[in-house]
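S.K.: If it helps, the file is called upload-v8.txt and holds compact mmCIF, C-alpha atoms:
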# COMPACT_ATOMS: atom_id res chain seq x y z
CA MET A 1 75.50 44.38 -230.13
CA SER A 2 77.90 42.39 -232.30
CA ILE A 3 78.09 38.62 -232.51
CA VAL A 4 80.24 36.05 -234.30
CA MET A 5 78.33 33.63 -236.50
CA ALA A 6 79.98 30.54 -237.95
CA PRO A 7 79.44 30.35 -240.81
CA ALA A 8 78.27 33.93 -241.38
CA LYS A 9 77.32 33.65 -245.05
CA THR A 10 76.83 31.23 -247.89
CA ARG A 11 77.49 31.35 -251.61
CA LYS A 12 74.97 32.65 -254.13
CA ASN A 13 72.22 30.08 -254.82
CA ASP A 14 73.05 28.14 -251.67
CA ASN A 15 70.34 27.89 -249.02
CA PRO A 16 69.63 31.58 -248.20
CA TYR A 17 68.83 30.79 -244.56
CA LEU A 18 71.93 32.60 -243.24
CA SER A 19 71.42 35.74 -245.34
CA ILE A 20 67.78 35.92 -244.23
CA LEU A 21 68.77 35.54 -240.57
CA THR A 22 71.67 38.02 -240.66
CA LYS A 23 69.56 40.64 -242.49
CA SER A 24 66.77 40.28 -239.93
CA LEU A 25 69.25 40.43 -237.06
CA ALA A 26 70.66 43.67 -238.46
CA GLU A 27 67.15 45.13 -238.24
CA GLN A 28 67.22 44.16 -234.54
CA GLY A 29 70.49 46.09 -234.08
CA VAL A 30 72.73 43.01 -234.15
CA THR A 31 75.94 43.14 -236.19
CA VAL A 32 77.05 39.75 -237.46
CA LYS A 33 80.78 39.13 -237.90
CA SER A 34 82.67 36.19 -239.32
CA LEU A 35 84.92 33.96 -237.22
CA PRO A 36 87.98 36.03 -236.19
CA ILE A 37 91.49 34.95 -237.02
CA VAL A 38 92.52 35.41 -233.37
CA PRO A 39 89.65 34.35 -231.08
CA ALA A 40 91.24 36.03 -228.03
CA TRP A 41 90.73 39.45 -229.66
CA SER A 42 87.02 39.04 -230.20
CA LYS A 43 84.69 41.41 -228.34
CA ALA A 44 81.57 39.70 -229.63
CA SER A 45 78.64 39.44 -227.22
CA ALA A 46 77.85 35.92 -228.39
CA LEU A 47 79.05 33.08 -230.60
CA HIS A 48 76.47 31.38 -232.79
CA VAL A 49 77.49 28.17 -234.58
CA HIS A 50 75.24 26.49 -237.12
CA TRP A 51 76.43 23.28 -238.79
CA LEU A 52 79.07 21.42 -236.77
CA GLU A 53 80.65 20.24 -240.02
CA PHE A 54 81.09 23.76 -241.43
CA PRO A 55 84.90 23.86 -240.73
CA GLN A 56 85.21 21.35 -243.60
CA TRP A 57 83.33 23.52 -246.09
CA GLY A 58 84.97 25.47 -248.89
CA ARG A 59 87.49 24.57 -251.55
CA SER A 60 90.57 24.67 -249.31
CA ALA A 61 89.10 23.06 -246.20
CA SER A 62 87.43 20.26 -248.14
CA ARG A 63 90.76 19.29 -249.71
CA LEU A 64 93.15 20.06 -246.86
CA PRO A 65 92.18 18.55 -243.48
CA PHE A 66 94.73 20.71 -241.62
CA TRP A 67 92.90 23.83 -242.84
CA ALA A 68 89.58 22.45 -241.58
CA THR A 69 91.25 21.54 -238.27
CA TRP A 70 92.61 25.08 -237.89
CA ARG A 71 89.14 26.54 -238.49
CA MET A 72 87.61 24.09 -236.01
CA ASN A 73 90.16 25.05 -233.35
CA ARG A 74 89.28 28.74 -233.79
CA VAL A 75 85.63 27.93 -233.09
CA ILE A 76 86.46 25.90 -229.99
CA ALA A 77 88.88 28.56 -228.68
CA LEU A 78 86.28 31.32 -229.04
CA ALA A 79 83.61 29.15 -227.41
CA ARG A 80 85.91 28.53 -224.44
CA ARG A 81 86.64 32.24 -224.12
CA ASN A 82 82.98 33.24 -224.30
CA ASN A 83 82.04 30.53 -221.86
CA LYS A 84 84.66 31.75 -219.38
CA LEU A 85 83.41 35.35 -219.75
CA GLY A 86 79.78 34.32 -219.26
CA ARG A 87 78.78 35.14 -222.83
CA PRO A 88 76.25 33.00 -224.70
CA VAL A 89 77.47 30.19 -226.95
CA LEU A 90 74.65 29.12 -229.26
CA TRP A 91 74.27 26.14 -231.56
CA THR A 92 71.41 25.67 -234.01
CA VAL A 93 70.53 22.02 -234.64
CA HIS A 94 70.21 21.84 -238.43
CA ASN A 95 70.91 18.11 -238.48
CA LEU A 96 71.91 15.35 -236.09
CA ARG A 97 74.78 14.23 -238.31
CA PRO A 98 76.17 15.20 -241.72
CA HIS A 99 74.69 13.34 -244.67
CA ASP A 100 78.17 12.12 -245.60
CA PHE A 101 81.89 12.66 -244.97
CA LYS A 102 84.47 13.22 -247.69
CA ASN A 103 87.08 11.17 -245.86
CA GLU A 104 88.06 9.78 -242.45
CA ALA A 105 89.91 12.97 -241.53
CA HIS A 106 86.71 14.98 -241.91
CA LYS A 107 84.83 12.49 -239.76
CA ALA A 108 87.49 12.87 -237.07
CA ILE A 109 87.16 16.67 -237.20
CA TYR A 110 83.40 16.41 -236.79
CA ASP A 111 83.78 14.02 -233.85
CA THR A 112 86.18 16.49 -232.20
CA MET A 113 83.66 19.31 -232.66
CA CYS A 114 81.04 17.22 -230.89
CA ARG A 115 83.40 16.29 -228.07
CA GLU A 116 85.08 19.68 -227.49
CA PHE A 117 82.57 22.30 -228.65
CA LEU A 118 79.17 20.96 -227.58
CA PRO A 119 79.90 20.94 -223.81
CA LEU A 120 80.61 24.69 -224.11
CA VAL A 121 77.19 25.47 -225.61
CA THR A 122 74.91 27.47 -223.32
CA ASP A 123 71.81 27.50 -225.54
CA VAL A 124 70.68 24.98 -228.15
CA ILE A 125 68.33 26.38 -230.79
CA CYS A 126 65.89 23.78 -232.11
CA MET A 127 63.47 24.55 -234.91
CA SER A 128 60.70 22.37 -233.49
CA GLU A 129 59.72 20.36 -230.45
CA THR A 130 60.51 17.13 -232.29
CA VAL A 131 64.02 18.37 -233.07
CA ARG A 132 64.54 19.32 -229.42
CA ASP A 133 63.68 15.84 -228.22
CA ALA A 134 65.90 14.22 -230.87
CA ALA A 135 68.86 16.48 -230.05
CA ARG A 136 68.62 15.76 -226.33
CA ASP A 137 68.78 12.05 -227.04
CA ALA A 138 71.55 12.30 -229.64
CA PHE A 139 74.00 14.58 -227.81
CA PRO A 140 74.73 13.80 -224.14
CA GLU A 141 77.41 16.52 -224.42
CA LEU A 142 74.56 19.07 -224.17
CA ARG A 143 73.41 17.94 -220.72
CA ASN A 144 74.13 21.38 -219.17
CA ALA A 145 72.72 23.48 -222.02
CA ARG A 146 69.32 25.18 -222.25
CA PHE A 147 67.12 24.06 -225.13
CA GLN A 148 65.18 26.75 -227.01
CA ILE A 149 62.45 26.41 -229.65
CA ILE A 150 62.85 28.94 -232.46
CA ARG A 151 61.30 28.22 -235.84
CA HIS A 152 63.10 28.35 -239.21
CA PRO A 153 62.47 31.69 -240.98
CA HIS A 154 60.42 31.53 -244.16
CA TYR A 155 61.74 32.47 -247.60
CA LYS A 156 58.81 34.58 -248.86
CA ASP A 157 60.72 37.87 -248.96
CA HIS A 158 63.75 36.21 -250.55
CA PHE A 159 61.76 34.81 -253.46
CA ALA A 160 59.62 37.96 -253.79
CA ARG A 161 62.77 39.84 -254.85
CA LEU A 162 63.55 37.41 -257.66
CA THR A 163 62.31 37.25 -261.23
CA PRO A 164 61.23 33.67 -262.03
CA ARG A 165 62.98 31.95 -264.92
CA THR A 166 62.09 28.83 -266.82
CA PRO A 167 65.12 26.59 -267.44
CA PRO A 168 65.72 26.12 -271.19
CA GLU A 169 65.43 22.35 -270.68
CA LEU A 170 61.83 22.87 -269.56
CA GLU A 171 60.68 25.41 -272.13
CA ALA A 172 59.93 22.80 -274.80
CA THR A 173 58.02 20.55 -272.38
CA ASN A 174 54.23 20.40 -272.45
CA LEU A 175 53.06 20.89 -268.87
CA THR A 176 49.36 21.22 -269.68
CA ARG A 177 48.42 17.52 -269.41
CA GLY A 178 47.73 16.57 -265.81
CA PRO A 179 49.40 17.88 -262.66
CA THR A 180 53.03 18.94 -262.57
CA LEU A 181 55.15 17.70 -259.67
CA GLY A 182 58.72 18.65 -258.86
CA THR A 183 61.72 18.19 -256.61
CA PHE A 184 64.71 20.56 -256.74
CA GLY A 185 68.08 20.93 -255.03
CA MET A 186 71.18 18.85 -254.37
CA LEU A 187 70.80 15.28 -255.61
CA ARG A 188 71.76 13.04 -252.70
CA ALA A 189 71.08 9.39 -251.95
CA TYR A 190 69.12 10.11 -248.74
CA LYS A 191 66.49 11.94 -250.81
CA ALA A 192 65.61 8.62 -252.52
CA ILE A 193 64.63 10.24 -255.82
CA PRO A 194 64.89 6.96 -257.81
CA ASP A 195 62.39 5.37 -255.39
CA THR A 196 60.06 8.34 -255.85
CA ILE A 197 60.30 7.96 -259.64
CA ARG A 198 59.42 4.27 -259.43
CA ALA A 199 56.40 5.01 -257.21
CA MET A 200 55.26 7.74 -259.58
CA LYS A 201 55.44 5.44 -262.60
CA GLY A 202 52.46 3.57 -261.18
CA LEU A 203 50.14 6.58 -261.54
CA SER A 204 47.40 5.98 -264.07
CA ARG A 205 46.70 9.66 -264.68
CA PRO A 206 48.80 11.98 -266.91
CA PHE A 207 51.46 13.98 -265.06
CA THR A 208 54.88 15.60 -265.41
CA PHE A 209 57.58 15.18 -262.79
CA VAL A 210 60.44 17.73 -262.96
CA ILE A 211 63.73 16.89 -261.20
CA ALA A 212 66.51 19.49 -261.14
CA GLY A 213 69.82 19.85 -259.32
CA SER A 214 73.45 18.83 -259.23
CA GLY A 215 74.98 15.83 -257.52
CA ALA A 216 77.41 12.95 -257.70
CA MET A 217 77.54 11.01 -260.95
CA ALA A 218 76.39 7.86 -259.16
CA GLU A 219 73.18 9.58 -258.06
CA ILE A 220 72.61 11.17 -261.47
CA SER A 221 73.00 7.76 -263.11
CA ALA A 222 70.60 6.15 -260.63
CA ILE A 223 67.97 8.79 -261.43
CA GLN A 224 68.48 8.40 -265.18
CA ASP A 225 68.18 4.61 -264.89
CA ALA A 226 64.96 4.94 -262.90
CA ILE A 227 63.46 7.28 -265.52
CA GLY A 228 64.48 5.21 -268.53
CA ASP A 229 62.67 6.49 -271.62
CA ASP A 230 59.52 7.63 -269.76
CA ALA A 231 58.62 11.03 -271.26
CA ARG A 232 56.60 12.01 -268.19
CA PHE A 233 59.85 12.80 -266.36
CA VAL A 234 62.00 15.88 -267.04
CA PHE A 235 65.51 15.66 -265.55
CA ILE A 236 67.80 18.71 -265.40
CA PRO A 237 71.07 17.38 -263.91
CA ARG A 238 72.85 20.63 -263.16
CA ARG A 239 73.02 23.36 -260.54
CA VAL A 240 69.94 25.55 -260.88
CA SER A 241 69.65 29.18 -259.78
CA ASP A 242 67.15 30.48 -257.24
CA GLU A 243 65.38 32.24 -260.13
CA GLU A 244 64.99 28.91 -261.92
CA ILE A 245 63.79 27.18 -258.76
CA LEU A 246 61.17 29.90 -258.39
CA GLY A 247 60.06 29.49 -262.00
CA MET A 248 59.88 25.70 -261.78
CA THR A 249 58.09 25.75 -258.43
CA GLN A 250 55.47 28.17 -259.72
CA ALA A 251 54.84 25.76 -262.61
CA CYS A 252 54.20 22.89 -260.18
CA ASP A 253 51.05 21.77 -258.40
CA LEU A 254 52.94 19.75 -255.77
CA ILE A 255 56.54 19.57 -254.55
CA VAL A 256 57.62 16.06 -253.58
CA PHE A 257 60.23 15.00 -251.01
CA GLY A 258 61.02 11.32 -250.51
CA PHE A 259 63.63 11.67 -247.75
CA LYS A 260 64.80 8.47 -246.09
CA SER A 261 65.98 10.57 -243.15
CA ILE A 262 65.49 14.24 -242.31
CA LEU A 263 65.55 16.54 -239.27
CA ASN A 264 64.84 20.00 -240.67
CA SER A 265 64.39 20.87 -244.33
CA GLY A 266 64.90 24.32 -245.80
CA SER A 267 63.76 22.90 -249.14
CA VAL A 268 60.34 22.03 -247.75
CA LEU A 269 59.89 25.47 -246.20
CA ALA A 270 61.15 27.10 -249.41
CA ALA A 271 58.44 25.34 -251.43
CA LEU A 272 55.79 26.43 -248.93
CA SER A 273 57.20 29.98 -249.08
CA MET A 274 56.43 29.90 -252.82
CA ASN A 275 52.83 28.88 -252.02
CA ARG A 276 53.08 25.30 -253.15
CA PRO A 277 51.92 22.29 -251.11
CA VAL A 278 54.44 19.59 -250.26
CA LEU A 279 54.48 15.83 -249.84
CA ALA A 280 57.08 14.55 -247.39
CA PRO A 281 57.67 11.67 -244.93
CA ASN A 282 56.55 12.09 -241.34
CA LEU A 283 60.08 12.54 -240.02
CA GLY A 284 61.85 15.16 -237.91
CA ALA A 285 60.32 18.63 -237.93
CA MET A 286 57.78 17.74 -240.64
CA HIS A 287 55.19 16.79 -238.01
CA ASP A 288 55.48 20.18 -236.29
CA LEU A 289 55.37 21.94 -239.66
CA GLN A 290 52.07 20.20 -240.42
CA ILE A 291 50.62 21.23 -237.06
CA ASP A 292 51.57 24.87 -237.73
CA LEU A 293 50.44 25.09 -241.36
CA GLY A 294 47.82 22.37 -241.85
CA ALA A 295 47.57 19.00 -243.53
CA ASP A 296 46.36 20.50 -246.83
CA TRP A 297 49.73 22.18 -247.31
CA VAL A 298 52.03 19.72 -245.52
CA ASN A 299 51.03 16.24 -246.66
CA LEU A 300 52.83 13.54 -244.69
CA TYR A 301 53.10 9.80 -245.19
CA GLU A 302 54.35 6.94 -243.03
CA GLY A 303 56.88 4.35 -244.18
CA GLU A 304 57.69 4.14 -247.88
CA MET A 305 56.46 6.49 -250.57
CA THR A 306 53.99 4.60 -252.74
CA THR A 307 51.86 5.23 -255.81
CA GLU A 308 48.79 5.28 -253.57
CA VAL A 309 50.30 7.97 -251.31
CA ILE A 310 50.94 10.23 -254.31
CA GLU A 311 47.52 9.53 -255.85
CA ASN A 312 45.70 10.40 -252.63
CA VAL A 313 47.44 13.78 -252.35
CA LEU A 314 46.79 14.68 -256.00
CA ARG A 315 43.05 14.14 -255.50
CA ASP A 316 42.75 17.04 -253.06
CA LEU A 317 45.33 19.76 -253.70
CA PRO A 318 44.68 23.17 -252.09
CA PRO A 319 44.03 26.22 -254.32
CA LYS A 320 47.06 28.25 -255.36
CA THR A 321 46.51 30.97 -252.77
CA PRO A 322 48.97 32.62 -250.35
CA LEU A 323 49.84 30.52 -247.31
CA ASP A 324 49.95 32.15 -243.88
CA LEU A 325 53.53 31.69 -242.69
CA SER A 326 53.42 34.17 -239.81
CA PRO A 327 54.84 31.64 -237.27
CA TYR A 328 57.96 31.61 -239.47
CA ASP A 329 58.28 35.38 -239.94
CA PRO A 330 62.01 36.33 -240.05
CA SER A 331 61.49 39.41 -237.84
CA ARG A 332 59.92 37.30 -235.13
CA ILE A 333 62.63 34.64 -235.41
CA SER A 334 65.50 37.17 -235.33
CA SER A 335 63.99 38.91 -232.32
CA GLN A 336 64.02 35.61 -230.43
CA HIS A 337 67.64 35.07 -231.48
CA ALA A 338 68.62 38.57 -230.33
CA VAL A 339 67.24 37.97 -226.83
CA LEU A 340 69.33 34.81 -226.51
CA MET A 341 72.47 36.51 -227.80
CA GLN A 342 72.06 39.35 -225.37
CA ARG A 343 71.60 37.42 -222.14
CA GLY A 344 70.80 33.79 -222.83
CA GLY A 345 67.76 32.18 -221.27
CA ASP A 346 64.19 32.05 -222.53
CA PRO A 347 63.67 34.02 -225.80
CA THR A 348 59.86 33.93 -225.65
With the file now loaded, output its structure as structure tokens.

M.R.:
Amino acid sequence: MSIVMAPAKTRKNDNPYLSILTKSLAEQGVTVKSLPIVPAWSKASALHVHWLEFPQWGRSASRLPFWATWRMNRVIALARRNNKLGRPVLWTVHNLRPHDFKNEAHKAIYDTMCREFLPLVTDVICMSETVRDAARDAFPELRNARFQIIRHPHYKDHFARLTPRTPPELEATNLTRGPTLGTFGMLRAYKAIPDTIRAMKGLSRPFTFVIAGSGAMAEISAIQDAIGDDARFVFIPRRVSDEEILGMTQACDLIVFGFKSILNSGSVLAALSMNRPVLAPNLGAMHDLQIDLGADWVNLYEGEMTTEVIENVLRDLPPKTPLDLSPYDPSRISSQHAVLMQRGGDPT
């Protein structure tokens, strides 16, 4: 069986979710192809779309709205064709809305995707029960679709193939005094890293907080201003490789996420895949993640992140032992996807 996935791959050091899924699908006998130039020629058994904003991704599409519009129209045309032929059209709900738009043209393209593509979807893949309920409320265009619960695959195998590296900026830092906490990835305003820094400054115990990733200059400046000259914080404002993320995560006792809004988070599952407990707000799929994996590993808080929240988690960290992530096993997840792509309906 061959399917079209949009997008079908990501760049090196981007979230490896797609490469994990496509590799596992191949083991199920599913061939994944990229979006065809001429949708009418496609013989794919199913179309699987991930992020609705993906037509705007890439150097050309992000700069040239007509290129993003052309890509969007190819998706919609193939969805219409598959729908007419009775073939599954799948959408995975990674988020309810993009974190930001580059310009008004990109917002218009996204709105068109919602209006024209979503009514053609036969099966909506949600990574948790909470996500399913949120998606039903957010998208009336999906009123005729079936909603499926399929978890996010873990990253254990991905990181097991890598050799951990310590960023040079961290090599000279003394991490032996007190716990080491970290947060890694794209630096975006919704992650509220400056607020996390301010809450952490109230801790009376010794600690080191490592922040690494690339982002807009405004966000980098806000983080630098929040840190000031406090030597307990190590800031690496650049794109970091997966090998460096592995090395930094292994050096940490707790990975901290101060999201102001979140639906799913690959970053949270990535940290857990590297056997490190997380602290995150009780938003989106985090509640279901805690039910699956336990409150020792998935520490959740309500409202604002505070010094007290962080202090309470640091008092009772779990031992650095392997975490059972079997509910998130990629083989299990890809098998559920394959059933949907073959005939639609219930993948369980």

S.K.: Write out as a Markdown table the residues of range 114-193 of chain A that have any atom within 9 Å of an atom of range 239-255 of chain A, one row each with the nearest atom pair and its distance in Å to one decimal, counting all atoms listed in the file, sorted by chain and then rising number.

M.R.:
| residue | atom | partner | partner_atom | distance |
| --- | --- | --- | --- | --- |
| A:Phe159 | CA | A:Leu246 | CA | 7.0 |
| A:Leu162 | CA | A:Glu243 | CA | 6.0 |
| A:Thr163 | CA | A:Glu243 | CA | 6.0 |
| A:Pro164 | CA | A:Gly247 | CA | 4.3 |
| A:Arg165 | CA | A:Glu244 | CA | 4.7 |
| A:Thr166 | CA | A:Gly247 | CA | 5.3 |
| A:Pro167 | CA | A:Glu244 | CA | 6.0 |
| A:Leu170 | CA | A:Met248 | CA | 8.5 |
| A:Leu175 | CA | A:Ala251 | CA | 8.1 |
| A:Pro179 | CA | A:Asp253 | CA | 6.0 |
| A:Thr180 | CA | A:Cys252 | CA | 4.8 |
| A:Leu181 | CA | A:Leu254 | CA | 4.9 |
| A:Gly182 | CA | A:Ile255 | CA | 4.9 |
| A:Thr183 | CA | A:Ile255 | CA | 5.7 |
| A:Phe184 | CA | A:Ile245 | CA | 7.0 |
| A:Gly185 | CA | A:Val240 | CA | 7.7 |
| A:Met186 | CA | A:Arg239 | CA | 7.9 |

S.K.: Applying 10 Å and only C-alpha atoms, which residues near Leu283 in chain A remain after dropping the ones on its own chain fewer than 2 positions away? List them as a PyMOL selection string.

M.R.: chain A and resi 130-131+259-264+280-281+285-288+300-303

S.K.: Which value, in Å to one decimal, gives the distance between CA of Lys156 in chain A and CA of Ile20 in chain A?

M.R.: 10.2 Å

S.K.: Could you state the separation of CA of Asp316 in chain A and CA of Leu269 in chain A in Å, given to one decimal place?

M.R.: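 Answer for the CA of Asp316 in chain A to CA of Leu269 in chain A separation: 20.3 Å.
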
S.K.: Just the number, please: distance in Å from CA of Gly266 in chain A to CA of Trp70 in chain A, one decimal.

M.R.: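 Taking CA of Gly266 in chain A as the start and CA of Trp70 in chain A as the end point, the length is 28.8 Å.
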
S.K.: Report as an MDAnalysis selection string all protein, DNA and RNA residues lying within 8 Å of Thr196 in chain A, evaluated on all atoms listed in the file, omitting residues in the same chain fewer than 5 positions from it.

M.R.: chainID A and resid 258 305:306

S.K.: Taking all atoms listed in the file into account, which of A:Pro36, A:Pro318, A:Pro330, A:Gly284 comes nearest His94 in chain A?

M.R.: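 So, comparing all the options, the nearest one is A:Gly284.
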
S.K.: Go through A:Arg146, A:His158, A:Arg63, A:Lys33 one by one, measure the shortest atom-to-atom distance of each to Val124 in chain A using only C-alpha atoms, and give the residue with the smallest value.

M.R.: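 Closest to Val124 in chain A of all the choices is A:Arg146.
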
S.K.: Kindly provide, as JSON, the centre and edge lengths (Å, one decimal) of an axis-aligned box around all atoms of range 80-85 of chain A given in the file, with 5 Å on each side.

M.R.:
{"center_x": 84.3, "center_y": 31.9, "center_z": -221.9, "size_x": 14.6, "size_y": 16.8, "size_z": 15.1}

S.K.: Hey, which of A:Met113, A:Ala218, A:Leu118, A:Ile310 ends up closest to Arg198 in chain A? Count all atoms listed in the file.

M.R.: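 Answer, going by the shortest atom-to-atom distance: A:Ile310.
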
S.K.: Check the smallest atom-to-atom distance from each of A:Arg132, A:Arg161, A:Arg332, A:Arg143 to Asn95 in chain A using all atoms listed in the file, then report the winner.

M.R.: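 Distance minimum relative to Asn95 in chain A lands on A:Arg132.
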
S.K.: Please provide the set of residues having any atom within 7 Å of range 2-11 of chain A, restricted to all atoms listed in the file, with same-chain residues fewer than 5 positions apart removed, written as a ChimeraX atom specification.

M.R.: /A:18-19,30-35,44-50,54

S.K.: Hey, can you pull every residue with an atom no more than 12 Å from (51.3, 23.7, -234.1), using all atoms listed in the file, and send it as a PyMOL selection string?

M.R.: chain A and resi 128-130+151+285-295+325+327-328

S.K.: Set the distance at 10 Å and use all atoms listed in the file: which residues neighbour Leu52 in chain A once local chain neighbours fewer than 6 positions away are removed? I'd like the list as a PyMOL selection string.

M.R.: chain A and resi 6-7+72+75+91-98+109-114+117-118
